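Chemist: Data file model_28.cif (mmCIF, C-alpha atoms) is appended below.
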```cif
data_target
loop_
_atom_site.group_PDB
_atom_site.id
_atom_site.type_symbol
_atom_site.label_atom_id
_atom_site.label_comp_id
_atom_site.auth_asym_id
_atom_site.auth_seq_id
_atom_site.Cartn_x
_atom_site.Cartn_y
_atom_site.Cartn_z
ATOM 1 C CA MET V 1022 11.002 14.982 -83.541
ATOM 2 C CA VAL V 1023 13.395 12.330 -84.907
ATOM 3 C CA LEU V 1024 16.327 11.103 -82.898
ATOM 4 C CA ILE V 1025 19.576 11.216 -84.862
ATOM 5 C CA ASP V 1026 20.457 7.565 -84.177
ATOM 6 C CA GLN V 1027 17.052 6.367 -85.439
ATOM 7 C CA ARG V 1028 17.412 7.708 -88.964
ATOM 8 C CA TYR V 1029 18.447 5.710 -92.000
ATOM 9 C CA ARG V 1030 20.088 7.108 -95.091
ATOM 10 C CA VAL V 1031 18.133 6.119 -98.172
ATOM 11 C CA PRO V 1032 20.418 5.601 -101.177
ATOM 12 C CA ASP V 1033 19.767 7.725 -104.245
ATOM 13 C CA GLY V 1034 17.261 6.070 -106.562
ATOM 14 C CA CYS V 1035 15.793 3.844 -103.850
ATOM 15 C CA ASP V 1036 12.013 3.890 -103.579
ATOM 16 C CA LEU V 1037 11.023 5.535 -100.276
ATOM 17 C CA VAL V 1038 8.165 3.089 -99.650
ATOM 18 C CA ALA V 1039 10.523 0.123 -100.078
ATOM 19 C CA ALA V 1040 13.103 1.813 -97.862
ATOM 20 C CA GLY V 1041 10.459 2.385 -95.182
ATOM 21 C CA ALA V 1042 9.422 -1.266 -95.243
ATOM 22 C CA LEU V 1043 12.958 -2.580 -94.855
ATOM 23 C CA PRO V 1044 13.341 -2.118 -91.071
ATOM 24 C CA VAL V 1045 9.831 -3.504 -90.511
ATOM 25 C CA ALA V 1046 10.357 -6.750 -92.428
ATOM 26 C CA TYR V 1047 13.948 -7.335 -91.376
ATOM 27 C CA GLY V 1048 13.329 -6.149 -87.818
ATOM 28 C CA THR V 1049 10.453 -8.608 -87.442
ATOM 29 C CA SER V 1050 12.487 -11.510 -88.798
ATOM 30 C CA HIS V 1051 15.637 -10.654 -86.875
ATOM 31 C CA VAL V 1052 13.866 -10.453 -83.521
ATOM 32 C CA ALA V 1053 11.923 -13.668 -84.223
ATOM 33 C CA LEU V 1054 14.860 -15.738 -85.460
ATOM 34 C CA ALA V 1055 17.816 -14.353 -83.511
ATOM 35 C CA HIS V 1056 16.249 -13.407 -80.193
ATOM 36 C CA ARG V 1057 13.115 -15.520 -79.816
ATOM 37 C CA ALA V 1058 14.060 -18.775 -81.572
ATOM 38 C CA ARG V 1059 17.822 -18.355 -81.101
ATOM 39 C CA LEU V 1060 18.412 -19.865 -84.541
ATOM 40 C CA SER V 1061 21.830 -21.445 -84.930
ATOM 41 C CA SER V 1062 23.988 -22.920 -87.637
ATOM 42 C CA GLY V 1063 22.869 -26.325 -88.877
ATOM 43 C CA GLN V 1064 19.279 -26.000 -87.691
ATOM 44 C CA VAL V 1065 16.511 -26.583 -90.231
ATOM 45 C CA LEU V 1066 14.391 -23.475 -90.812
ATOM 46 C CA LEU V 1067 11.092 -23.795 -92.699
ATOM 47 C CA VAL V 1068 9.798 -20.452 -94.018
ATOM 48 C CA LEU V 1069 6.180 -20.290 -95.174
ATOM 49 C CA GLY V 1070 5.285 -17.393 -97.479
ATOM 50 C CA ALA V 1071 8.983 -17.174 -98.265
ATOM 51 C CA ALA V 1072 8.663 -14.815 -101.250
ATOM 52 C CA GLY V 1073 6.831 -12.109 -99.265
ATOM 53 C CA GLY V 1074 8.478 -9.256 -97.352
ATOM 54 C CA VAL V 1075 9.036 -10.947 -94.009
ATOM 55 C CA GLY V 1076 9.548 -14.285 -95.765
ATOM 56 C CA VAL V 1077 12.461 -13.016 -97.848
ATOM 57 C CA SER V 1078 14.023 -11.409 -94.791
ATOM 58 C CA ALA V 1079 13.646 -14.677 -92.834
ATOM 59 C CA VAL V 1080 15.295 -16.619 -95.666
ATOM 60 C CA GLN V 1081 18.236 -14.210 -95.812
ATOM 61 C CA ILE V 1082 18.694 -14.054 -92.050
ATOM 62 C CA GLY V 1083 18.409 -17.847 -91.813
ATOM 63 C CA LYS V 1084 21.126 -18.301 -94.436
ATOM 64 C CA ALA V 1085 23.327 -15.711 -92.688
ATOM 65 C CA TYR V 1086 23.007 -17.727 -89.472
ATOM 66 C CA GLY V 1087 24.034 -20.922 -91.277
ATOM 67 C CA ALA V 1088 20.628 -22.604 -91.099
ATOM 68 C CA ILE V 1089 19.392 -25.107 -93.640
ATOM 69 C CA VAL V 1090 16.570 -23.101 -95.207
ATOM 70 C CA ILE V 1091 13.457 -24.628 -96.740
ATOM 71 C CA ALA V 1092 11.225 -22.080 -98.479
ATOM 72 C CA VAL V 1093 7.558 -22.409 -99.431
ATOM 73 C CA ALA V 1094 5.927 -20.108 -102.006
ATOM 74 C CA ARG V 1095 3.447 -20.249 -104.879
ATOM 75 C CA GLY V 1096 4.435 -19.948 -108.534
ATOM 76 C CA ALA V 1097 7.449 -20.546 -110.750
ATOM 77 C CA GLU V 1098 8.657 -16.930 -110.658
ATOM 78 C CA LYS V 1099 8.755 -16.866 -106.845
ATOM 79 C CA VAL V 1100 10.412 -20.295 -106.732
ATOM 80 C CA GLN V 1101 13.148 -19.098 -109.102
ATOM 81 C CA PHE V 1102 13.649 -15.935 -107.039
ATOM 82 C CA LEU V 1103 14.065 -17.994 -103.863
ATOM 83 C CA ARG V 1104 16.585 -20.267 -105.567
ATOM 84 C CA LEU V 1105 18.605 -17.166 -106.440
ATOM 85 C CA LEU V 1106 18.606 -16.291 -102.728
ATOM 86 C CA GLY V 1107 20.328 -19.614 -102.047
ATOM 87 C CA VAL V 1108 17.644 -21.570 -100.225
ATOM 88 C CA ASP V 1109 18.516 -25.210 -99.705
ATOM 89 C CA HIS V 1110 15.104 -26.443 -100.862
ATOM 90 C CA VAL V 1111 12.082 -24.656 -102.272
ATOM 91 C CA VAL V 1112 8.522 -25.946 -102.536
ATOM 92 C CA ASP V 1113 5.985 -24.580 -105.025
ATOM 93 C CA LEU V 1114 2.543 -24.692 -103.389
ATOM 94 C CA SER V 1115 0.937 -25.021 -106.807
ATOM 95 C CA GLU V 1116 2.738 -28.288 -107.539
ATOM 96 C CA GLY V 1117 2.144 -31.372 -105.410
ATOM 97 C CA SER V 1118 2.334 -32.000 -101.705
ATOM 98 C CA VAL V 1119 4.318 -29.626 -99.504
ATOM 99 C CA THR V 1120 4.967 -32.262 -96.858
ATOM 100 C CA GLU V 1121 6.038 -34.937 -99.352
ATOM 101 C CA SER V 1122 8.499 -32.564 -101.013
ATOM 102 C CA ILE V 1123 9.993 -31.492 -97.694
ATOM 103 C CA ARG V 1124 10.128 -35.053 -96.342
ATOM 104 C CA GLY V 1125 11.998 -36.107 -99.491
ATOM 105 C CA PHE V 1126 14.507 -33.296 -99.035
ATOM 106 C CA LEU V 1127 15.006 -34.081 -95.344
ATOM 107 C CA LYS V 1128 15.460 -37.778 -96.041
ATOM 108 C CA GLY V 1129 17.972 -37.048 -98.806
ATOM 109 C CA ARG V 1130 20.013 -34.928 -96.375
ATOM 110 C CA LYS V 1131 19.587 -37.461 -93.543
ATOM 111 C CA LEU V 1132 17.795 -34.867 -91.429
ATOM 112 C CA LYS V 1133 15.079 -35.811 -88.924
ATOM 113 C CA GLY V 1134 12.836 -32.789 -89.344
ATOM 114 C CA VAL V 1135 12.338 -29.049 -89.011
ATOM 115 C CA ASP V 1136 13.706 -27.186 -85.977
ATOM 116 C CA VAL V 1137 12.088 -23.774 -86.542
ATOM 117 C CA LEU V 1138 8.848 -23.017 -88.402
ATOM 118 C CA TYR V 1139 8.599 -19.345 -89.447
ATOM 119 C CA ASP V 1140 4.933 -18.755 -90.225
ATOM 120 C CA PRO V 1141 3.535 -15.490 -91.585
ATOM 121 C CA VAL V 1142 0.799 -17.420 -93.469
ATOM 122 C CA GLY V 1143 -1.322 -19.340 -90.954
ATOM 123 C CA GLY V 1144 -4.306 -21.443 -91.957
ATOM 124 C CA LYS V 1145 -4.205 -25.064 -92.992
ATOM 125 C CA LEU V 1146 -0.569 -24.825 -94.159
ATOM 126 C CA THR V 1147 0.512 -24.366 -90.543
ATOM 127 C CA LYS V 1148 -1.263 -27.513 -89.417
ATOM 128 C CA GLU V 1149 0.026 -29.474 -92.414
ATOM 129 C CA THR V 1150 3.666 -28.519 -91.851
ATOM 130 C CA MET V 1151 3.519 -29.217 -88.103
ATOM 131 C CA ARG V 1152 3.898 -32.896 -88.982
ATOM 132 C CA LEU V 1153 7.415 -32.104 -90.186
ATOM 133 C CA LEU V 1154 8.611 -30.626 -86.889
ATOM 134 C CA ASN V 1155 11.281 -32.219 -84.735
ATOM 135 C CA TRP V 1156 10.739 -32.940 -81.072
ATOM 136 C CA GLY V 1157 11.260 -29.633 -79.262
ATOM 137 C CA ALA V 1158 10.858 -27.525 -82.410
ATOM 138 C CA GLN V 1159 9.757 -23.900 -82.294
ATOM 139 C CA ILE V 1160 6.843 -22.322 -84.140
ATOM 140 C CA LEU V 1161 7.183 -18.606 -84.786
ATOM 141 C CA VAL V 1162 3.700 -17.181 -85.347
ATOM 142 C CA ILE V 1163 4.369 -14.073 -87.464
ATOM 143 C CA GLY V 1164 1.026 -13.412 -89.121
ATOM 144 C CA PHE V 1165 -2.036 -14.702 -90.931
ATOM 145 C CA ALA V 1166 -1.635 -13.792 -94.623
ATOM 146 C CA SER V 1167 -3.970 -16.639 -95.575
ATOM 147 C CA GLY V 1168 -6.748 -14.915 -93.662
ATOM 148 C CA ASP V 1169 -7.174 -17.932 -91.394
ATOM 149 C CA ILE V 1170 -5.804 -18.140 -87.877
ATOM 150 C CA PRO V 1171 -4.163 -21.556 -87.515
ATOM 151 C CA VAL V 1172 -5.305 -24.140 -85.028
ATOM 152 C CA ILE V 1173 -2.332 -25.702 -83.288
ATOM 153 C CA PRO V 1174 -3.541 -28.983 -81.793
ATOM 154 C CA ALA V 1175 -2.495 -29.268 -78.153
ATOM 155 C CA ASN V 1176 -1.932 -33.020 -78.488
ATOM 156 C CA ILE V 1177 0.733 -32.521 -81.179
ATOM 157 C CA ALA V 1178 2.350 -29.682 -79.217
ATOM 158 C CA LEU V 1179 2.384 -31.880 -76.106
ATOM 159 C CA VAL V 1180 3.766 -35.025 -77.733
ATOM 160 C CA LYS V 1181 6.437 -33.151 -79.709
ATOM 161 C CA VAL V 1182 7.177 -30.695 -76.855
ATOM 162 C CA LEU V 1183 6.727 -27.800 -79.287
ATOM 163 C CA VAL V 1184 7.356 -24.217 -78.320
ATOM 164 C CA VAL V 1185 4.873 -21.748 -79.804
ATOM 165 C CA ILE V 1186 6.304 -18.222 -79.897
ATOM 166 C CA LEU V 1187 3.941 -15.350 -80.519
#
```
Using C-alpha cells, write down the structure from this file.
Modeler:
Amino acid sequence: MVLIDQRYRVPDGCDLVAAGALPVAYGTSHVALAHRARLSSGQVLLVLGAAGGVGVSAVQIGKAYGAIVIAVARGAEKVQFLRLLGVDHVVDLSEGSVTESIRGFLKGRKLKGVDVLYDPVGGKLTKETMRLLNWGAQILVIGFASGDIPVIPANIALVKVLVVIL
C-alpha cells in the first residue's frame, strides 16, 4: 500500500535508482542542516565528502540557506564539479593540507572559523577539521564512509563548547 501523498513523479528519462536515492540524500541533509543544526545565512558550513550523494545535497542546501560553503573532496574532477555547484571554497584531499587550505580561505574572508561541520566521512579527517571549528560550533555526524568511526576528544568539545549531533 502506498499513500497518495508519499509518491513522487519520476520525470521521463530519469533513472529510477537515482530517483529513489534523491529523497534519501536530500532528506538526510535537510533534516540535519535545517532542523538539527538550524543553519542560517552567513554561517560557515564545512562539508566533508562533498562530492558524494549526501555531500552534494548538503552543499546545495547550504547554498540555498545562504551559508558560506567549504567543500572537501578527492580528485580534480570532483573539485571541478563542486565549483560548478557554487561552493565558496573547495579543497582537494589529494593536494596538500586540508586545514591549511581552509585556514587560508577563512583568513582571506576575515572569518574566525567553521560554524557547522557536516561529516559523512568520519575517521582522521573529522579530528583534523575539528581544529577549524568556532566556539559553539556544531558537528553533524552523518556517517562513516572512511570506514573509521571518528574519535571526538572530550577536551576539545569541552573547551570549544561543541555540540555533537547524531
Chemist: Tell me which residues the PyMOL selection byres ((chain V and resi 1060) around 10) grabs here, as a list of chain:residue names.
Modeler: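 Checked against the file, the PyMOL selection byres ((chain V and resi 1060) around 10) matches V:His1051, V:Ala1053, V:Leu1054, V:Ala1055, V:His1056, V:Arg1057, V:Ala1058, V:Arg1059, V:Ser1061, V:Ser1062, V:Gly1063, V:Gln1064, V:Val1065, V:Leu1066, V:Ile1082, V:Gly1083, V:Tyr1086, V:Gly1087, V:Ala1088, V:Asp1136, V:Val1137, V:Gln1159.
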Chemist: Rounded to one decimal in Å, what is the spacing between CA of Arg1130 (chain V) and CA of Val1052 (chain V)?
Modeler: 28.3 Å
Chemist: Run the PyMOL selection byres ((chain V and resi 1069) around 6) on the file and write out the hits as a PyMOL selection string.
Modeler: chain V and resi 1068+1070-1071+1093+1140
Chemist: Give me the result of the PyMOL selection byres ((chain V and resi 1145) around 10) on this file, residue by residue, as an NGL selection string.
Modeler: :V and (1142-1144 or 1146-1150 or 1167 or 1169-1173)
Chemist: Work out where the centre of an axis-aligned box around every listed atom of region 1122-1134 of chain V lies and how long its edges are once 5 Å is added on each side; give both in Å to one decimal as lines of an AutoDock Vina configuration file.
Modeler:
```
center_x = 14.3
center_y = -34.6
center_z = -95.0
size_x = 21.5
size_y = 16.3
size_z = 22.1
```
Chemist: Would you output region 1123-1143 of chain V from that structure, restricted to N, CA, C and O atoms, as a short mmCIF file (atom, residue, chain, number, x, y, z; two decimals), in the first residue's frame?
Modeler:
```
data_model
loop_
_atom_site.label_atom_id
_atom_site.label_comp_id
_atom_site.auth_asym_id
_atom_site.auth_seq_id
_atom_site.Cartn_x
_atom_site.Cartn_y
_atom_site.Cartn_z
N ILE V 1123 41.86 25.55 4.26
CA ILE V 1123 40.66 26.16 4.83
C ILE V 1123 41.03 27.37 5.69
O ILE V 1123 40.36 28.40 5.62
N ARG V 1124 42.09 27.25 6.48
CA ARG V 1124 42.52 28.42 7.28
C ARG V 1124 42.83 29.61 6.39
O ARG V 1124 42.49 30.75 6.72
N GLY V 1125 43.51 29.36 5.27
CA GLY V 1125 43.82 30.44 4.33
C GLY V 1125 42.56 31.09 3.78
O GLY V 1125 42.48 32.32 3.68
N PHE V 1126 41.58 30.29 3.43
CA PHE V 1126 40.31 30.81 2.93
C PHE V 1126 39.62 31.65 4.01
O PHE V 1126 39.15 32.76 3.75
N LEU V 1127 39.53 31.10 5.22
CA LEU V 1127 38.87 31.81 6.31
C LEU V 1127 39.56 33.14 6.61
O LEU V 1127 38.89 34.16 6.79
N LYS V 1128 40.87 33.11 6.64
CA LYS V 1128 41.63 34.33 6.91
C LYS V 1128 41.39 35.37 5.82
O LYS V 1128 41.19 36.55 6.11
N GLY V 1129 41.39 34.93 4.57
CA GLY V 1129 41.14 35.83 3.45
C GLY V 1129 39.77 36.48 3.49
O GLY V 1129 39.58 37.60 3.01
N ARG V 1130 38.80 35.80 4.06
CA ARG V 1130 37.43 36.31 4.19
C ARG V 1130 37.18 36.97 5.54
O ARG V 1130 36.07 37.39 5.84
N LYS V 1131 38.22 37.01 6.38
CA LYS V 1131 38.12 37.56 7.73
C LYS V 1131 37.07 36.83 8.57
O LYS V 1131 36.28 37.43 9.29
N LEU V 1132 37.08 35.51 8.44
CA LEU V 1132 36.16 34.66 9.19
C LEU V 1132 36.95 33.94 10.28
O LEU V 1132 38.11 33.57 10.07
N LYS V 1133 36.33 33.71 11.43
CA LYS V 1133 37.03 33.11 12.57
C LYS V 1133 37.15 31.60 12.46
O LYS V 1133 38.08 31.01 12.99
N GLY V 1134 36.16 30.96 11.85
CA GLY V 1134 36.19 29.50 11.78
C GLY V 1134 34.91 28.94 11.21
O GLY V 1134 34.09 29.66 10.65
N VAL V 1135 34.74 27.64 11.39
CA VAL V 1135 33.59 26.90 10.86
C VAL V 1135 32.50 26.82 11.93
O VAL V 1135 32.78 26.52 13.08
N ASP V 1136 31.26 27.07 11.51
CA ASP V 1136 30.12 27.01 12.43
C ASP V 1136 29.45 25.64 12.45
O ASP V 1136 28.95 25.20 13.49
N VAL V 1137 29.41 24.97 11.29
CA VAL V 1137 28.76 23.67 11.18
C VAL V 1137 29.65 22.74 10.37
O VAL V 1137 30.03 23.06 9.24
N LEU V 1138 29.97 21.59 10.95
CA LEU V 1138 30.74 20.55 10.26
C LEU V 1138 29.77 19.43 9.89
O LEU V 1138 29.18 18.80 10.77
N TYR V 1139 29.59 19.20 8.59
CA TYR V 1139 28.72 18.14 8.08
C TYR V 1139 29.63 16.99 7.70
O TYR V 1139 30.43 17.10 6.77
N ASP V 1140 29.53 15.87 8.44
CA ASP V 1140 30.52 14.81 8.30
C ASP V 1140 29.95 13.43 7.99
O ASP V 1140 29.60 12.68 8.89
N PRO V 1141 29.90 13.07 6.69
CA PRO V 1141 29.53 11.71 6.33
C PRO V 1141 30.75 10.79 6.17
O PRO V 1141 30.62 9.65 5.78
N VAL V 1142 31.94 11.31 6.47
CA VAL V 1142 33.20 10.58 6.22
C VAL V 1142 33.74 9.89 7.46
O VAL V 1142 34.06 8.71 7.46
N GLY V 1143 33.88 10.64 8.55
CA GLY V 1143 34.46 10.09 9.78
C GLY V 1143 35.96 9.95 9.69
O GLY V 1143 36.62 10.56 8.85
#
```
